[in-house]
>>> print(open('upload24.cif').read())   # mmCIF, C-alpha atoms and all ligand atoms
data_target
#
loop_
_atom_site.label_atom_id
_atom_site.label_comp_id
_atom_site.auth_asym_id
_atom_site.auth_seq_id
_atom_site.Cartn_x
_atom_site.Cartn_y
_atom_site.Cartn_z
CA MET J 28 -15.81 0.57 -9.47
CA THR J 29 -12.39 -0.74 -10.52
CA ARG J 30 -12.73 -4.26 -11.95
CA SER J 31 -9.05 -5.07 -12.19
CA ILE J 32 -5.76 -3.64 -10.99
CA THR J 33 -2.08 -4.34 -11.37
CA ALA J 34 -0.66 -5.25 -7.96
CA ALA J 35 3.00 -5.23 -7.06
CA SER J 36 5.35 -6.57 -4.46
CA ILE J 37 8.56 -4.66 -3.72
CA GLN J 38 11.04 -7.17 -2.29
CA PHE J 39 14.33 -5.77 -1.09
CA HIS J 40 17.21 -6.33 1.28
CA ILE J 41 16.52 -4.23 4.40
CA ALA J 42 19.64 -2.32 5.43
CA PHE J 43 19.62 -2.95 9.18
CA GLY J 44 18.91 0.26 11.09
CA ASP J 45 19.47 2.51 8.05
CA VAL J 46 16.21 4.36 7.49
CA ASP J 47 17.51 6.55 4.66
CA ALA J 48 18.89 3.64 2.65
CA ASN J 49 15.64 1.70 3.03
CA LEU J 50 13.49 4.69 2.17
CA SER J 51 15.37 5.24 -1.07
CA ARG J 52 15.01 1.52 -1.94
CA ALA J 53 11.26 1.69 -1.30
CA LEU J 54 10.75 4.91 -3.26
CA ALA J 55 12.77 3.65 -6.22
CA GLY J 56 10.72 0.44 -6.17
CA LEU J 57 7.46 2.37 -6.09
CA ARG J 58 8.53 4.38 -9.11
CA ARG J 59 9.48 1.25 -11.07
CA VAL J 60 6.24 -0.60 -10.34
CA SER J 61 4.25 2.52 -11.15
CA GLU J 62 5.93 2.57 -14.58
CA LYS J 63 4.58 -0.97 -15.02
CA GLY J 64 1.04 0.30 -14.34
CA SER J 65 0.70 -0.81 -10.70
CA SER J 66 -1.88 0.84 -8.51
CA LEU J 67 -1.03 -1.19 -5.38
CA ALA J 68 2.42 -1.97 -3.99
CA VAL J 69 3.21 -4.00 -0.87
CA LEU J 70 6.47 -3.40 1.00
CA PRO J 71 8.00 -5.74 3.62
CA GLU J 72 7.46 -5.77 7.40
CA MET J 73 9.37 -3.19 9.51
CA TRP J 74 11.03 -2.21 6.25
CA SER J 75 12.52 1.10 7.37
CA THR J 76 14.82 -0.50 9.97
CA GLY J 77 14.52 -4.28 10.29
CA TYR J 78 14.17 -5.64 13.82
CA ASP J 79 16.67 -3.19 15.27
CA TYR J 80 15.31 -3.79 18.80
CA LYS J 81 18.10 -1.92 20.59
CA ASN J 82 17.41 1.30 18.70
CA LEU J 83 13.74 0.80 17.99
CA ALA J 84 12.45 3.80 19.98
CA GLU J 85 14.83 6.10 18.14
CA GLN J 86 14.04 4.47 14.80
CA ALA J 87 10.29 4.79 15.44
CA GLU J 88 10.73 8.54 15.81
CA GLN J 89 11.67 8.62 12.15
CA THR J 90 8.47 6.90 11.03
CA PRO J 91 6.47 10.15 10.59
CA ARG J 92 8.98 11.43 8.02
CA VAL J 93 8.94 8.05 6.24
CA ILE J 94 5.15 8.29 6.03
CA GLU J 95 5.37 11.85 4.67
CA ALA J 96 7.70 10.61 1.92
CA LEU J 97 5.28 7.80 1.06
CA LYS J 98 2.36 10.22 1.03
CA GLY J 99 4.23 12.38 -1.48
CA ALA J 100 5.16 9.45 -3.72
CA THR J 101 1.72 7.82 -3.69
CA ALA J 102 0.03 11.16 -4.41
CA GLU J 103 2.36 11.79 -7.33
CA LEU J 104 2.10 8.23 -8.71
CA GLY J 105 -1.63 7.74 -7.99
CA MET J 106 -1.00 4.57 -6.00
CA VAL J 107 -1.78 2.71 -2.81
CA THR J 108 1.05 1.31 -0.71
CA VAL J 109 1.06 -1.01 2.31
CA GLY J 110 4.04 -1.88 4.51
CA SER J 111 4.77 -2.04 8.21
CA LEU J 112 6.87 0.40 10.25
CA PRO J 113 7.68 0.88 13.93
CA GLU J 114 5.02 3.13 15.47
CA LYS J 115 5.60 4.80 18.82
CA GLU J 116 2.68 5.70 21.07
CA GLY J 117 3.67 6.80 24.55
CA ASP J 118 6.21 4.25 25.76
CA VAL J 119 4.97 1.47 23.55
CA ILE J 120 6.18 0.57 20.07
CA TYR J 121 3.92 -1.28 17.67
CA ASN J 122 4.60 -3.09 14.41
CA THR J 123 2.09 -1.15 12.35
CA ALA J 124 1.03 -1.51 8.74
CA TYR J 125 0.14 1.79 7.10
CA VAL J 126 -2.26 1.87 4.15
CA ILE J 127 -1.47 5.01 2.18
CA ASP J 128 -3.77 5.88 -0.71
CA ARG J 129 -2.72 8.69 -3.07
CA GLY J 130 -1.27 10.95 -0.38
CA ALA J 131 -3.40 10.00 2.66
CA VAL J 132 -3.12 7.39 5.40
CA VAL J 133 -6.49 5.62 5.07
CA GLY J 134 -5.90 2.85 7.59
CA THR J 135 -3.47 1.42 10.12
CA TYR J 136 -3.17 -2.09 11.51
CA ARG J 137 -0.99 -3.13 14.46
CA LYS J 138 0.32 -6.70 14.24
CA LEU J 139 -2.00 -8.86 16.32
CA HIS J 140 0.14 -11.97 16.76
CA LEU J 141 3.62 -11.16 17.98
CA PHE J 142 6.26 -13.79 17.14
CA SER J 143 7.22 -14.87 20.67
CA THR J 144 9.68 -17.45 19.31
CA MET J 145 11.95 -14.53 18.43
CA GLY J 146 11.04 -12.31 21.40
CA GLU J 147 8.86 -9.86 19.50
CA ASP J 148 6.41 -9.78 22.42
CA ARG J 149 9.16 -8.52 24.75
CA PHE J 150 9.84 -5.42 22.67
CA LEU J 151 6.56 -4.57 20.98
CA GLY J 152 2.93 -3.97 21.89
CA ALA J 153 0.27 -6.13 20.25
CA GLY J 154 -2.62 -4.73 18.26
CA ASP J 155 -6.21 -5.29 19.28
CA ARG J 156 -8.23 -4.86 16.10
CA THR J 157 -8.38 -6.01 12.50
CA LEU J 158 -8.52 -3.87 9.38
CA VAL J 159 -10.41 -4.01 6.10
CA VAL J 160 -10.28 -0.71 4.26
CA PRO J 161 -11.70 0.48 0.93
CA THR J 162 -9.03 2.05 -1.29
CA SER J 163 -8.61 3.14 -4.90
CA ALA J 164 -7.04 -0.32 -5.53
CA GLY J 165 -9.89 -2.34 -3.97
CA ARG J 166 -10.93 -3.42 -0.48
CA LEU J 167 -7.78 -4.37 1.38
CA GLY J 168 -7.47 -6.62 4.41
CA ILE J 169 -4.15 -6.52 6.26
CA ALA J 170 -2.10 -9.15 8.08
CA ILE J 171 1.58 -9.11 9.06
CA CYS J 172 4.01 -12.05 8.85
CA TYR J 173 3.31 -14.48 11.76
CA ASP J 174 -0.43 -13.54 11.47
CA LEU J 175 -0.37 -15.91 8.50
CA ARG J 176 -0.46 -18.87 10.91
CA PHE J 177 -3.90 -17.80 12.23
CA PRO J 178 -6.58 -18.65 9.66
CA GLU J 179 -9.35 -17.18 11.84
CA LEU J 180 -7.99 -13.70 11.15
CA PHE J 181 -8.06 -14.25 7.41
CA ARG J 182 -11.61 -15.61 7.46
CA LYS J 183 -12.74 -12.54 9.38
CA LEU J 184 -11.12 -10.24 6.80
CA ALA J 185 -12.77 -12.21 4.00
CA LEU J 186 -16.19 -12.08 5.67
CA GLU J 187 -15.74 -8.32 6.01
CA GLY J 188 -15.33 -8.05 2.26
CA ALA J 189 -11.57 -7.99 1.69
CA GLU J 190 -10.76 -8.51 -2.01
CA ILE J 191 -7.00 -8.51 -1.51
CA ILE J 192 -5.10 -9.41 1.64
CA CYS J 193 -1.77 -7.59 1.83
CA ILE J 194 0.93 -9.23 3.95
CA PRO J 195 4.20 -7.44 4.72
CA ALA J 196 6.70 -9.92 6.20
CA GLU J 197 10.20 -10.64 7.45
CA TRP J 198 9.98 -14.43 7.33
CA PRO J 199 13.35 -16.17 7.65
CA LYS J 200 14.77 -19.51 6.54
CA PRO J 201 14.25 -22.42 7.01
CA ARG J 202 10.46 -22.10 6.87
CA GLN J 203 10.03 -21.29 3.18
CA GLU J 204 7.51 -24.09 2.63
CA HIS J 205 5.32 -22.91 5.50
CA TRP J 206 5.24 -19.43 3.97
CA ARG J 207 4.35 -20.64 0.49
CA THR J 208 1.84 -23.29 1.58
CA LEU J 209 0.02 -21.09 4.08
CA LEU J 210 -0.22 -18.17 1.65
CA ARG J 211 -1.73 -20.39 -1.03
CA ALA J 212 -4.10 -21.98 1.49
CA ARG J 213 -5.30 -18.59 2.75
CA ALA J 214 -5.97 -17.48 -0.85
CA ILE J 215 -7.77 -20.71 -1.79
CA GLU J 216 -9.91 -21.08 1.34
CA ASN J 217 -10.98 -17.42 1.28
CA GLN J 218 -11.17 -17.10 -2.53
CA LEU J 219 -9.35 -13.80 -2.67
CA PHE J 220 -6.10 -12.27 -3.90
CA ILE J 221 -2.98 -12.25 -1.78
CA ALA J 222 -0.10 -9.80 -2.16
CA ALA J 223 2.66 -10.91 0.21
CA THR J 224 6.07 -9.25 0.39
CA ASN J 225 8.97 -10.77 2.26
CA CYS J 226 12.38 -9.13 2.55
CA CYS J 227 15.53 -10.89 1.36
CA GLY J 228 19.16 -11.13 2.43
CA LEU J 229 20.93 -11.38 5.76
CA GLN J 230 20.19 -9.36 8.90
CA GLY J 231 22.65 -10.54 11.50
CA LYS J 232 22.17 -14.30 11.81
CA LEU J 233 18.78 -14.28 10.15
CA ASP J 234 18.60 -15.19 6.49
CA PHE J 235 15.48 -13.98 4.71
CA PHE J 236 14.53 -15.96 1.63
CA GLY J 237 12.40 -13.45 -0.25
CA MET J 238 9.87 -15.55 -2.20
CA SER J 239 7.31 -12.75 -2.26
CA LEU J 240 4.10 -13.93 -3.85
CA LEU J 241 1.12 -12.59 -5.77
CA ILE J 242 -1.64 -15.22 -5.68
CA SER J 243 -5.08 -15.51 -7.27
CA PRO J 244 -8.31 -16.61 -5.51
CA ARG J 245 -7.84 -20.03 -7.14
CA GLY J 246 -4.44 -20.31 -5.48
CA GLU J 247 -2.47 -19.80 -8.70
CA ILE J 248 0.93 -18.21 -8.24
CA LEU J 249 0.75 -15.15 -10.51
CA ALA J 250 4.27 -13.97 -9.65
CA GLU J 251 6.97 -15.18 -7.30
CA GLY J 252 10.28 -13.74 -6.18
CA GLU J 253 13.51 -15.59 -5.60
CA GLU J 254 16.17 -14.76 -3.00
CA SER J 255 17.35 -11.41 -4.38
CA PRO J 256 15.73 -7.97 -4.60
CA VAL J 257 12.97 -7.80 -7.20
CA GLU J 258 9.71 -6.10 -8.06
CA LEU J 259 6.84 -8.39 -8.99
CA THR J 260 3.64 -7.35 -10.73
CA ALA J 261 0.44 -9.19 -11.68
CA LEU J 262 -3.07 -8.43 -12.84
CA PHE J 263 -5.74 -8.88 -10.15
CA ASP J 264 -9.09 -9.28 -11.93
CA PHE J 265 -12.00 -8.83 -9.49
CA LYS J 266 -14.57 -10.00 -12.07
CA GLU J 267 -12.70 -13.30 -12.31
CA MET J 268 -12.77 -13.54 -8.52
CA ALA J 269 -16.54 -13.02 -8.52
CA SER J 270 -17.14 -15.68 -11.16
CA TYR J 271 -14.93 -18.18 -9.30
CA ARG J 272 -16.84 -17.51 -6.08
CA PHE J 273 -20.07 -18.19 -8.02
CA GLN J 274 -18.67 -21.44 -9.41
CA ILE J 275 -17.51 -22.77 -6.00
CA PRO J 276 -19.77 -20.96 -3.49
CA CYS J 277 -17.83 -21.57 -0.27
CA PHE J 278 -19.15 -18.47 1.44
CA HIS J 279 -22.75 -19.36 0.64
CA ASP J 280 -22.23 -22.99 1.75
CA ARG J 281 -20.69 -22.25 5.17
CA ARG J 282 -22.46 -23.76 8.25
CA PRO J 283 -21.60 -21.31 11.03
CA ALA J 284 -24.60 -22.47 13.07
CA ILE J 285 -22.82 -25.82 13.55
CA TYR J 286 -19.20 -24.81 14.07
CA GLY J 287 -19.64 -21.32 15.43
CA THR J 288 -19.67 -17.86 13.98
CA LEU J 289 -16.48 -15.89 13.70
CA PRO J 290 -14.69 -14.42 15.44
O1 LIG G 1 5.98 -17.78 11.58
C1 LIG G 1 7.15 -17.80 11.19
O2 LIG G 1 7.73 -18.85 10.89
C2 LIG G 1 7.91 -16.51 11.00
C3 LIG G 1 7.22 -15.34 11.62
C4 LIG G 1 8.10 -14.16 11.75
O3 LIG G 1 9.28 -14.21 11.46
C5 LIG G 1 7.55 -12.88 12.21
O4 LIG G 1 6.34 -12.76 12.43
O5 LIG G 1 8.33 -11.91 12.33
#
>>> encode(input="upload24.cif", output="structure tokens", more="lines below")
Ligand SMILES: O=C(O)CCC(=O)C(=O)O
Amino acid sequence: MTRSITAASIQFHIAFGDVDANLSRALAGLRRVSEKGSSLAVLPEMWSTGYDYKNLAEQAEQTPRVIEALKGATAELGMVTVGSLPEKEGDVIYNTAYVIDRGAVVGTYRKLHLFSTMGEDRFLGAGDRTLVVPTSAGRLGIAICYDLRFPELFRKLALEGAEIICIPAEWPKPRQEHWRTLLRARAIENQLFIAATNCCGLQGKLDFFGMSLLISPRGEILAEGEESPVELTALFDFKEMASYRFQIPCFHDRRPAIYGTLP
């Protein structure tokens, strides 16, 4: 079993509605983080198009070819990648995170909590299940953007054995401090690694602040992006996570009989 990995976050400016431009940004990023020894790379939310609601159905039709390109790159580079893309099933479009491990899709997760503040629930279908999946880079739990505000989801992923929670996002200004604080809290309370990738730059009126984060189970910021495109990498040491969980045994000390079992 792998005892440590190098994890990466690929933060870039999503070219609105331009699948080819975004795909080349993602593939170039994957190559660069692979050269730095990464075996896991997290891409942003809806990274192939941005929230191009008007053209989403058309954009979603391109998702299969985007996935094929990622399969090819991850097979060649020996990596796992996670990022969300528009997925079309029948008449419904979902915001779906794909976990691609060395050439194969090993798991998918449809965003559970749609961000109604910005009308996401009017354009997209909501998921109805969670995902923890074993991969060559460890056991991954997945959450997308607004999901971060729902700690119950993260506890469930932790109880199901997630070692790393990967969070693709498009989280805009002015809520930088919510993003940073909630990510650290989710890592600390669940004693696991977090790899969270936000996009950066303007999309219409929305200004995305980047600030992608790689966080340890102690809540230490191992790497943090600023407002421009960047690739972050950090060592995730699972042995260190195990010894920290032994030192402060939160999971052992839980009292679910008093406050209810989850979910
Ligand atoms: O929760 C927030 O403040 C931002 C969430 C969001 O932008 C999203 O889920 O797309």
>>> residues_near_ligand(input="upload24.cif", ligand="ligand LIG 1 (chain G)", cutoff="6 Å", atoms="all atoms listed in the file", output="PyMOL selection string")
chain J and resi 142+172-173+197-199+202
>>> residues_around(input="upload24.cif", residues="J:Gly152", least_positions_apart="6", cutoff="7 Å", atoms="all atoms listed in the file", output="PyMOL selection string")
chain J and resi 119-121
>>> closest_residue(input="upload24.cif", among="J:Leu175, J:Ile242, J:Ala269, J:Ala84", to="J:His140", atoms="only C-alpha atoms")
J:Leu175
>>> closest_residue(input="upload24.cif", among="J:Glu88, J:Leu186, J:Lys138, J:Arg149", to="J:Pro283", atoms="all atoms listed in the file")
J:Leu186
>>> atom_distance(input="upload24.cif", atom1="atom CA of J:Phe263", atom2="atom CA of J:Arg166")
12.3 Å
>>> atom_distance(input="upload24.cif", atom1="atom CA of J:Gly188", atom2="atom CA of J:Glu216")
14.1 Å
>>> decode(input="upload24.cif", residues="stretch 62-84 of chain J", atoms="C-alpha atoms", output="CSV table (one decimal), in the first residue's frame")
chain,number,residue,atom,x,y,z
J,62,GLU,CA,7.2,16.2,-13.8
J,63,LYS,CA,7.1,17.2,-10.1
J,64,GLY,CA,6.3,13.6,-9.1
J,65,SER,CA,2.5,14.0,-8.5
J,66,SER,CA,0.3,11.0,-8.6
J,67,LEU,CA,-2.9,12.9,-7.9
J,68,ALA,CA,-4.1,16.2,-9.5
J,69,VAL,CA,-7.3,18.0,-8.8
J,70,LEU,CA,-8.8,20.3,-11.5
J,71,PRO,CA,-11.5,22.9,-10.9
J,72,GLU,CA,-15.3,22.6,-11.1
J,73,MET,CA,-17.0,22.5,-14.5
J,74,TRP,CA,-13.5,23.3,-15.8
J,75,SER,CA,-14.1,22.5,-19.5
J,76,THR,CA,-16.7,25.3,-20.0
J,77,GLY,CA,-17.4,27.3,-16.8
J,78,TYR,CA,-21.1,27.9,-16.0
J,79,ASP,CA,-22.1,28.4,-19.6
J,80,TYR,CA,-25.7,27.7,-18.8
J,81,LYS,CA,-27.1,28.9,-22.2
J,82,ASN,CA,-24.9,26.4,-24.1
J,83,LEU,CA,-24.6,23.7,-21.4
J,84,ALA,CA,-26.4,20.9,-23.3
